[in-house]
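Printed here is data-v3.csv (CSV, C-alpha atoms):
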chain,number,residue,atom,x,y,z
A,27,MET,CA,-59.5,-167.5,194.9
A,28,LYS,CA,-56.7,-165.1,195.5
A,29,ILE,CA,-54.1,-167.9,195.4
A,30,ALA,CA,-55.5,-169.2,192.1
A,31,LYS,CA,-55.4,-165.7,190.6
A,32,ILE,CA,-51.8,-165.1,191.7
A,33,PHE,CA,-50.8,-168.5,190.3
A,34,GLY,CA,-52.4,-167.7,187.0
A,35,LEU,CA,-50.6,-164.3,186.7
A,36,CYS,CA,-47.3,-165.9,187.5
A,37,CYS,CA,-47.8,-168.5,184.7
A,38,LEU,CA,-48.7,-165.7,182.3
A,39,ALA,CA,-45.6,-163.7,183.2
A,40,ALA,CA,-43.5,-166.8,182.7
A,41,VAL,CA,-44.9,-167.4,179.2
A,42,GLY,CA,-44.3,-163.7,178.4
A,43,CYS,CA,-40.7,-163.9,179.5
A,44,THR,CA,-40.1,-167.0,177.5
A,45,GLY,CA,-41.6,-165.3,174.4
A,46,PHE,CA,-39.5,-162.2,174.9
A,47,THR,CA,-36.3,-164.2,175.2
A,48,SER,CA,-37.1,-166.2,172.1
A,49,CYS,CA,-37.6,-162.9,170.1
A,50,ASN,CA,-34.3,-161.6,171.3
A,51,GLU,CA,-32.5,-164.8,170.1
A,52,ASP,CA,-34.2,-164.4,166.7
A,53,ILE,CA,-32.8,-160.9,166.3
A,54,VAL,CA,-29.3,-161.9,167.3
A,55,GLU,CA,-29.1,-164.6,164.6
A,56,GLU,CA,-28.6,-163.3,161.1
A,57,GLN,CA,-31.7,-163.6,159.0
A,58,TYR,CA,-30.2,-162.6,155.6
A,59,GLN,CA,-27.0,-163.2,153.6
A,60,HIS,CA,-24.2,-160.6,154.1
A,61,TYR,CA,-24.2,-159.6,150.4
A,62,VAL,CA,-21.9,-156.8,149.4
A,63,GLY,CA,-23.0,-154.0,147.1
A,64,PHE,CA,-23.2,-150.3,146.5
A,65,LYS,CA,-25.7,-147.7,147.7
A,66,ALA,CA,-26.4,-146.2,144.2
A,67,PRO,CA,-30.1,-146.2,143.5
A,68,LEU,CA,-31.0,-145.9,139.8
A,69,ASP,CA,-32.8,-142.9,138.4
A,70,THR,CA,-36.4,-144.0,137.6
A,71,GLU,CA,-37.6,-141.0,135.5
A,72,GLY,CA,-36.3,-138.3,133.2
A,73,ASN,CA,-33.5,-138.7,130.7
A,74,SER,CA,-31.2,-140.6,133.0
A,75,VAL,CA,-33.1,-143.8,133.6
A,76,GLY,CA,-30.7,-146.7,134.2
A,77,VAL,CA,-27.9,-144.7,135.8
A,78,THR,CA,-27.4,-143.0,139.2
A,79,THR,CA,-27.0,-139.2,138.8
A,80,ILE,CA,-24.7,-137.6,141.4
A,81,TYR,CA,-23.8,-134.0,141.7
A,82,VAL,CA,-20.2,-133.2,142.7
A,83,PRO,CA,-18.7,-129.8,143.3
A,84,TYR,CA,-16.4,-128.8,140.5
A,85,THR,CA,-13.8,-127.9,143.0
A,86,ARG,CA,-13.8,-129.4,146.5
A,87,HIS,CA,-13.0,-126.7,149.1
A,88,ASP,CA,-11.8,-127.0,152.7
A,89,GLU,CA,-13.3,-125.2,155.7
A,90,ASN,CA,-11.4,-122.0,154.7
A,91,ASP,CA,-13.0,-122.1,151.2
A,92,LYS,CA,-9.6,-122.9,149.7
A,93,PRO,CA,-9.2,-125.8,147.1
A,94,LEU,CA,-8.9,-129.0,149.0
A,95,TYR,CA,-6.6,-130.4,146.3
A,96,GLU,CA,-3.8,-128.9,144.3
A,97,ALA,CA,-5.9,-126.9,141.9
A,98,GLU,CA,-9.4,-125.8,140.8
A,99,GLY,CA,-11.4,-128.5,139.1
A,100,ILE,CA,-10.4,-131.4,141.4
A,101,SER,CA,-13.0,-132.9,143.6
A,102,HIS,CA,-14.2,-136.2,145.2
A,103,TYR,CA,-17.3,-138.2,145.9
A,104,ASP,CA,-17.7,-140.8,148.7
A,105,LEU,CA,-19.7,-143.8,147.4
A,106,PRO,CA,-21.2,-146.0,150.1
A,107,VAL,CA,-20.3,-149.7,150.0
A,108,ILE,CA,-23.0,-151.7,151.9
A,109,VAL,CA,-23.0,-155.1,153.6
A,110,ALA,CA,-26.6,-156.2,153.5
A,111,GLY,CA,-28.1,-158.1,156.4
A,112,SER,CA,-30.0,-157.6,159.7
A,113,THR,CA,-26.7,-157.6,161.8
A,114,ASN,CA,-23.3,-156.0,161.4
A,115,ILE,CA,-20.3,-158.1,160.4
A,116,GLU,CA,-18.1,-159.4,163.1
A,117,ASN,CA,-14.7,-159.1,161.4
A,118,ALA,CA,-13.3,-156.5,159.0
A,119,LEU,CA,-14.0,-157.2,155.4
A,120,THR,CA,-11.8,-156.1,152.4
A,121,VAL,CA,-14.0,-155.5,149.4
A,122,HIS,CA,-12.5,-155.4,145.9
A,123,ILE,CA,-13.7,-152.7,143.4
A,124,ALA,CA,-13.2,-153.0,139.6
A,125,PRO,CA,-14.4,-151.3,136.5
A,126,SER,CA,-17.7,-152.6,135.1
A,127,ASP,CA,-18.0,-153.7,131.4
A,128,THR,CA,-21.7,-153.1,131.2
A,129,LEU,CA,-21.6,-149.5,129.8
A,130,PRO,CA,-21.8,-150.6,126.1
A,131,ILE,CA,-24.9,-152.7,126.9
A,132,LEU,CA,-26.6,-149.8,128.6
A,133,ASN,CA,-25.9,-147.5,125.6
A,134,MET,CA,-27.3,-150.0,123.2
A,135,GLU,CA,-30.5,-150.4,125.3
A,136,ARG,CA,-31.0,-146.7,125.9
A,137,PHE,CA,-30.0,-145.0,122.7
A,138,SER,CA,-30.1,-145.4,118.9
A,139,ALA,CA,-27.1,-146.9,117.3
A,140,SER,CA,-27.1,-144.0,114.8
A,141,ARG,CA,-26.7,-141.4,117.6
A,142,LYS,CA,-23.5,-142.4,119.3
A,143,ASP,CA,-22.8,-138.7,120.0
A,144,ILE,CA,-25.3,-138.9,122.8
A,145,TRP,CA,-24.1,-142.2,124.2
A,146,TYR,CA,-22.6,-142.3,127.7
A,147,ASN,CA,-18.8,-142.1,127.7
A,148,ASP,CA,-16.6,-144.1,130.2
A,149,MET,CA,-15.4,-141.6,132.8
A,150,SER,CA,-12.6,-143.8,134.1
A,151,GLN,CA,-9.9,-141.5,132.6
A,152,PHE,CA,-11.1,-138.6,134.8
A,153,ALA,CA,-11.5,-140.7,138.0
A,154,SER,CA,-9.2,-142.5,140.4
A,155,TYR,CA,-9.9,-144.7,143.5
A,156,ASP,CA,-8.3,-147.4,145.6
A,157,PRO,CA,-9.0,-151.0,144.3
A,158,THR,CA,-10.1,-152.1,147.8
A,159,VAL,CA,-12.2,-150.6,150.6
A,160,THR,CA,-12.4,-152.0,154.1
A,161,VAL,CA,-15.6,-152.4,156.0
A,162,ALA,CA,-14.7,-152.4,159.7
A,163,GLY,CA,-15.8,-155.2,162.0
A,164,GLY,CA,-19.0,-154.3,163.9
A,165,THR,CA,-20.3,-152.1,161.1
A,166,SER,CA,-22.1,-152.6,157.8
A,167,LYS,CA,-20.9,-149.7,155.6
A,168,ALA,CA,-17.7,-148.1,154.3
A,169,LEU,CA,-17.1,-145.2,151.9
A,170,LEU,CA,-15.2,-145.6,148.7
A,171,ARG,CA,-13.5,-142.2,147.9
A,172,ILE,CA,-13.5,-141.5,144.2
A,173,LYS,CA,-11.3,-138.5,143.1
A,174,PHE,CA,-12.3,-136.6,140.0
A,175,ASP,CA,-10.2,-134.3,137.8
A,176,PHE,CA,-12.6,-132.2,135.8
A,177,ARG,CA,-10.1,-129.8,134.3
A,178,ASN,CA,-10.0,-131.4,130.8
A,179,ILE,CA,-13.5,-132.8,130.6
A,180,ASP,CA,-15.9,-131.6,127.9
A,181,LEU,CA,-19.4,-131.7,129.3
A,182,ALA,CA,-20.9,-131.5,125.9
A,183,ASP,CA,-20.5,-135.3,126.2
A,184,LYS,CA,-22.2,-137.4,128.8
A,185,TYR,CA,-20.1,-139.4,131.2
A,186,VAL,CA,-20.7,-142.4,133.4
A,187,LEU,CA,-18.3,-144.1,135.8
A,188,PRO,CA,-19.1,-147.8,135.8
A,189,LEU,CA,-18.0,-149.7,138.9
A,190,THR,CA,-18.7,-153.2,140.2
A,191,ILE,CA,-18.0,-155.4,143.2
A,192,ALA,CA,-15.3,-157.8,142.2
A,193,GLU,CA,-15.6,-161.4,143.5
A,194,THR,CA,-13.0,-164.2,143.7
A,195,PRO,CA,-13.3,-167.7,145.3
A,196,ASP,CA,-11.2,-166.6,148.3
A,197,CYS,CA,-12.5,-163.0,148.7
A,198,GLY,CA,-14.5,-163.9,151.8
A,199,TYR,CA,-17.8,-162.4,150.7
A,200,GLN,CA,-20.6,-162.7,148.1
A,201,ARG,CA,-21.5,-159.8,145.8
A,202,ASN,CA,-25.1,-158.8,145.9
A,203,PRO,CA,-27.0,-161.0,143.3
A,204,LEU,CA,-29.1,-157.9,142.3
A,205,LYS,CA,-27.2,-156.2,139.5
A,206,ASN,CA,-28.3,-152.7,140.4
A,207,PHE,CA,-26.6,-153.2,143.8
A,208,ALA,CA,-23.5,-155.1,142.7
A,209,THR,CA,-22.9,-152.5,140.0
A,210,ALA,CA,-22.9,-148.7,140.2
A,211,MET,CA,-23.4,-146.6,137.0
A,212,LEU,CA,-22.5,-143.1,138.2
A,213,ARG,CA,-23.7,-140.3,136.0
A,214,VAL,CA,-21.4,-137.6,137.3
A,215,LEU,CA,-22.3,-134.0,137.0
A,216,PRO,CA,-19.9,-131.4,138.4
A,217,TYR,CA,-21.6,-128.2,139.4
A,218,THR,CA,-20.8,-124.6,140.6
A,219,MET,CA,-22.9,-121.7,141.9
A,220,PHE,CA,-23.3,-120.6,138.2
A,221,SER,CA,-24.1,-123.9,136.5
A,222,GLY,CA,-27.6,-125.5,136.2
A,223,THR,CA,-30.9,-124.9,134.5
A,224,TYR,CA,-31.9,-121.3,134.2
A,225,ASN,CA,-35.4,-120.1,133.7
A,226,THR,CA,-35.3,-117.5,131.1
A,227,GLN,CA,-37.1,-114.6,129.4
A,228,MET,CA,-34.9,-115.0,126.3
A,229,LYS,CA,-36.0,-114.6,122.7
A,230,SER,CA,-34.2,-115.6,119.5
A,231,HIS,CA,-34.7,-113.4,116.4
A,232,ILE,CA,-33.7,-114.1,112.8
A,233,ILE,CA,-31.8,-110.9,111.7
A,234,ASN,CA,-30.7,-111.7,108.1
A,235,THR,CA,-34.1,-112.0,106.4
A,236,SER,CA,-36.6,-109.8,104.7
A,237,VAL,CA,-39.4,-111.5,106.7
A,238,ALA,CA,-40.3,-109.6,109.8
A,239,ASP,CA,-39.4,-111.5,113.0
A,240,GLU,CA,-40.7,-109.2,115.6
A,241,GLU,CA,-42.1,-111.9,117.9
A,242,GLY,CA,-39.0,-114.1,117.9
A,243,ALA,CA,-38.8,-117.6,119.4
A,244,ALA,CA,-39.0,-117.9,123.2
A,245,LEU,CA,-36.3,-119.9,125.0
A,246,ASN,CA,-38.0,-120.9,128.3
A,247,SER,CA,-35.0,-122.6,129.9
A,248,ILE,CA,-31.3,-122.9,129.2
A,249,MET,CA,-28.9,-125.5,130.7
A,250,THR,CA,-25.4,-124.3,131.6
A,251,TYR,CA,-22.4,-126.6,132.2
A,252,CYS,CA,-19.4,-125.7,134.4
A,253,VAL,CA,-16.0,-125.1,132.8
A,254,GLY,CA,-14.4,-123.5,135.9
A,255,ASP,CA,-15.5,-122.1,139.3
A,256,ASP,CA,-16.6,-118.8,137.6
A,257,LYS,CA,-17.1,-120.0,134.0
A,258,VAL,CA,-19.9,-122.0,132.3
A,259,PHE,CA,-21.0,-122.8,128.8
A,260,PHE,CA,-24.4,-123.1,127.2
A,261,TYR,CA,-25.6,-123.7,123.6
A,262,ALA,CA,-26.5,-120.8,121.4
A,263,GLY,CA,-30.1,-120.2,120.5
A,264,SER,CA,-32.3,-123.3,120.3
A,265,PHE,CA,-29.4,-125.8,120.2
A,266,ASN,CA,-29.4,-128.1,123.2
A,267,GLU,CA,-27.7,-131.3,124.6
A,268,ASP,CA,-29.6,-133.5,122.1
A,269,SER,CA,-28.6,-131.5,119.0
A,270,GLN,CA,-26.2,-133.4,116.8
A,271,ASP,CA,-24.1,-130.3,116.1
A,272,ARG,CA,-24.2,-128.9,119.6
A,273,LYS,CA,-20.4,-128.8,120.0
A,274,LYS,CA,-20.1,-126.3,117.3
A,275,PHE,CA,-22.4,-123.8,119.1
A,276,LYS,CA,-21.0,-123.6,122.6
A,277,VAL,CA,-21.1,-120.2,124.2
A,278,PHE,CA,-18.8,-119.6,127.1
A,279,ALA,CA,-19.8,-117.2,129.9
A,280,GLN,CA,-17.2,-115.8,132.3
A,281,PHE,CA,-18.5,-114.3,135.5
A,282,ILE,CA,-16.2,-111.4,136.6
A,283,PRO,CA,-17.0,-109.8,140.0
A,284,TYR,CA,-16.7,-106.1,140.5
A,285,GLU,CA,-14.7,-106.8,143.6
A,286,GLN,CA,-13.2,-110.0,145.1
A,287,GLY,CA,-15.9,-112.1,146.7
A,288,GLY,CA,-18.6,-109.8,145.6
A,289,ASN,CA,-22.1,-110.8,144.5
A,290,ARG,CA,-22.3,-108.6,141.5
A,291,GLY,CA,-20.3,-108.3,138.3
A,292,THR,CA,-20.3,-108.6,134.5
A,293,VAL,CA,-20.7,-111.6,132.2
A,294,VAL,CA,-18.4,-111.9,129.2
A,295,LEU,CA,-19.3,-114.2,126.3
A,296,SER,CA,-16.9,-116.0,124.0
A,297,SER,CA,-16.7,-118.9,121.6
A,298,GLU,CA,-14.0,-121.4,120.4
A,299,ASN,CA,-15.6,-121.7,117.0
A,300,PRO,CA,-15.0,-118.7,114.7
A,301,ASP,CA,-17.5,-120.1,112.1
A,302,MET,CA,-20.4,-119.3,114.4
A,303,HIS,CA,-19.4,-115.6,114.4
A,304,LEU,CA,-20.4,-115.0,118.0
A,305,GLN,CA,-20.7,-111.3,119.0
A,306,GLN,CA,-21.7,-110.0,122.4
A,307,VAL,CA,-24.0,-106.9,122.2
A,308,GLY,CA,-23.7,-104.5,125.1
A,309,THR,CA,-22.7,-105.4,128.6
A,310,ALA,CA,-24.4,-108.3,130.6
A,311,THR,CA,-24.4,-108.1,134.4
A,312,TYR,CA,-25.1,-110.7,137.1
A,313,THR,CA,-26.4,-110.5,140.7
A,314,ILE,CA,-26.3,-113.2,143.4
A,315,LEU,CA,-29.1,-112.9,146.0
A,316,GLU,CA,-29.0,-115.0,149.2
A,317,VAL,CA,-32.1,-114.7,151.3
A,318,ASP,CA,-33.1,-116.6,154.5
A,319,ASP,CA,-36.7,-117.9,154.6
A,320,GLU,CA,-38.8,-115.9,157.0
A,321,VAL,CA,-40.7,-118.9,158.3
A,322,GLU,CA,-38.2,-121.8,157.8
A,323,THR,CA,-35.2,-120.1,159.3
A,324,TYR,CA,-32.9,-123.0,158.2
A,325,VAL,CA,-33.8,-122.5,154.6
A,326,MET,CA,-31.8,-120.2,152.3
A,327,ARG,CA,-32.7,-119.2,148.8
A,328,ARG,CA,-29.9,-118.4,146.4
A,329,THR,CA,-30.8,-116.7,143.1
A,330,VAL,CA,-28.3,-115.9,140.2
A,331,ILE,CA,-29.8,-113.3,137.8
A,332,ILE,CA,-28.1,-112.5,134.5
A,333,ASN,CA,-29.5,-109.2,133.1
A,334,ASP,CA,-29.1,-107.7,129.6
A,335,LEU,CA,-27.7,-110.9,128.0
A,336,ASN,CA,-27.5,-110.1,124.3
A,337,TYR,CA,-25.5,-111.8,121.5
A,338,THR,CA,-25.6,-112.7,117.8
A,339,PHE,CA,-24.4,-115.8,116.1
A,340,THR,CA,-24.6,-117.6,112.7
A,341,ASP,CA,-26.2,-121.0,112.3
A,342,TYR,CA,-24.4,-122.5,109.3
A,343,VAL,CA,-25.4,-126.1,109.7
A,344,THR,CA,-29.2,-126.4,110.0
A,345,ALA,CA,-29.8,-125.3,106.3
A,346,PRO,CA,-27.1,-126.8,104.2
A,347,GLY,CA,-25.6,-124.4,101.7
A,348,SER,CA,-26.9,-121.3,103.5
A,349,SER,CA,-26.6,-119.6,106.9
A,350,ILE,CA,-29.0,-117.9,109.3
A,351,ASP,CA,-28.0,-115.1,111.6
A,352,TYR,CA,-29.7,-114.8,115.0
A,353,GLN,CA,-29.8,-112.3,117.8
A,354,VAL,CA,-30.6,-113.7,121.3
A,355,SER,CA,-31.4,-111.4,124.2
A,356,GLY,CA,-33.1,-111.4,127.6
A,357,THR,CA,-32.7,-112.4,131.2
A,358,MET,CA,-31.7,-115.7,132.8
A,359,THR,CA,-32.5,-116.7,136.4
A,360,LEU,CA,-31.2,-119.7,138.4
A,361,GLU,CA,-32.9,-120.2,141.8
A,362,ARG,CA,-32.0,-122.9,144.3
A,363,LYS,CA,-33.5,-123.6,147.7
A,364,PHE,CA,-31.2,-125.1,150.4
A,365,ASN,CA,-31.7,-126.6,153.8
A,366,THR,CA,-28.6,-125.2,155.5
A,367,GLN,CA,-28.6,-128.2,157.9
A,368,MET,CA,-27.8,-130.6,155.0
A,369,PRO,CA,-24.8,-130.8,152.6
A,370,GLU,CA,-25.4,-128.6,149.6
A,371,GLU,CA,-24.4,-131.2,147.1
A,372,ASP,CA,-27.2,-133.5,148.3
A,373,GLN,CA,-29.8,-130.9,147.2
A,374,ILE,CA,-28.4,-129.9,143.8
A,375,ASN,CA,-30.6,-130.8,140.8

Starting from the coordinates I provided, produce the structure as structure tokens.
Amino acid sequence: MKIAKIFGLCCLAAVGCTGFTSCNEDIVEEQYQHYVGFKAPLDTEGNSVGVTTIYVPYTRHDENDKPLYEAEGISHYDLPVIVAGSTNIENALTVHIAPSDTLPILNMERFSASRKDIWYNDMSQFASYDPTVTVAGGTSKALLRIKFDFRNIDLADKYVLPLTIAETPDCGYQRNPLKNFATAMLRVLPYTMFSGTYNTQMKSHIINTSVADEEGAALNSIMTYCVGDDKVFFYAGSFNEDSQDRKKFKVFAQFIPYEQGGNRGTVVLSSENPDMHLQQVGTATYTILEVDDEVETYVMRRTVIINDLNYTFTDYVTAPGSSIDYQVSGTMTLERKFNTQMPEEDQIN
């Protein structure tokens, strides 16, 4: 009985070893094509469906907090280039990158033909990158460094950088057959500490009418766009990024610290359009608060508070043939929560 039992166990072990070896051989052999594409998942909700929104620091700094490149307003983003498959490639692969011609198609599908002012613009003139990137042998990923020059960009317009994997008969690879992998439609948004969506306790009052406007219109949130490391713009009153005349009502806000590197200072408003008659009333101040979470010690909360923001302007476009004067005043607050163990730019929204 003992001999028979031992013999049976040996047979069972032999079968198990055979099965284990067979499984290993299956893993060694490639199960999928080594298709080449980008890691740029498309947005699936909000106003940016069909593109990939990425947040890039307005100025890329080094470890000493100095501009990494020659001036403020120059930055970069590393776009992953992926070789799909269950195994790494054996030999180095040179992948060719080219501009994509699909942006006009995207605009026609997403927006009205009569509202070309809100179409995505091609960002190629503000971006530069090498036409090839090398995926090293024994790996499955490389990073395409894209350098951006934001110094002359007007963020009142929307920008997309359209890229595609170029394929030729002798390139040695196949581009991914899925279009959302073979093409990257990067909706690039530069950011600073002061840019983003502020929650507000702002109200807009009409001031050139005989009708009482004591309540005023509430402005619950205001989006600001960076112009420099310490300067942003937003739209006056109830104008926003979907308003056809938004460019005529840009209000610039310059953050001036009381002392170098300080977290408190004043906010000075200005406009490039004399027809809107922008006037700042009183003195606006800002405070930056950075507080570590008491429970999650790796979490830091940064809050930018603008107090006593008060200005007047003239809306001369909404009612043709007449103008309306407004006074806008209140407080704006921008709060962000960061995991200090992760790159900041991966958490901006």

Exercise: residues within 12 Å of coordinate (-19.1, -159.8, 150.9), counting only C-alpha atoms, as a PyMOL selection string
chain A and resi 59-64+107-111+114-115+117-123+159-161+166-167+191-203+208

What lies within 9 Å of segment 311-327 of chain A using all atoms listed in the file, ignoring chain neighbours under 3 positions off, as a ChimeraX atom specification?
/A:281-283,288-294,330-335,361-367

How many Å lie between atom CA of Val277 of chain A and atom CA of Asp175 of chain A, rounded to one decimal?
22.4 Å

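Take the candidates A:Ile232, A:Gln353, A:Ile172, A:Lys184 and check each one against Lys142 of chain A using only C-alpha atoms; the shortest distance goes to A:Lys184.
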
Separating atom CA of Leu215 of chain A from atom CA of Tyr81 of chain A, to the nearest tenth of an Å, is a gap of 4.9 Å

Around (-34.4, -132.3, 139.6), as given in the file, which residues come within 12 Å? Count only C-alpha atoms and list them as an MDAnalysis selection string.
chainID A and resid 69 71:74 79:81 222:223 362:363 372:375

Identify which of the residues A:Leu212, A:Ile100, A:Met302, A:Met249 lies closest to Val75 of chain A, counting all atoms listed in the file when measuring atom-to-atom distances.
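Closest to Val75 of chain A of all the choices is A:Leu212.
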
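Remark: for Thr190 of chain A, the closest of the candidate residues A:Phe207, A:Tyr337, A:Tyr251, A:Tyr155 is A:Phe207 (distances computed over all atoms listed in the file).
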
Nearest residue to Ile179 of chain A from the set A:Phe220, A:Tyr95, A:Phe137, A:Phe152 (distances using only C-alpha atoms):
A:Phe152

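Atom pair atom CA of Leu105 of chain A / atom CA of Glu370 of chain A has a distance of 16.4 Å (rounded to one decimal).
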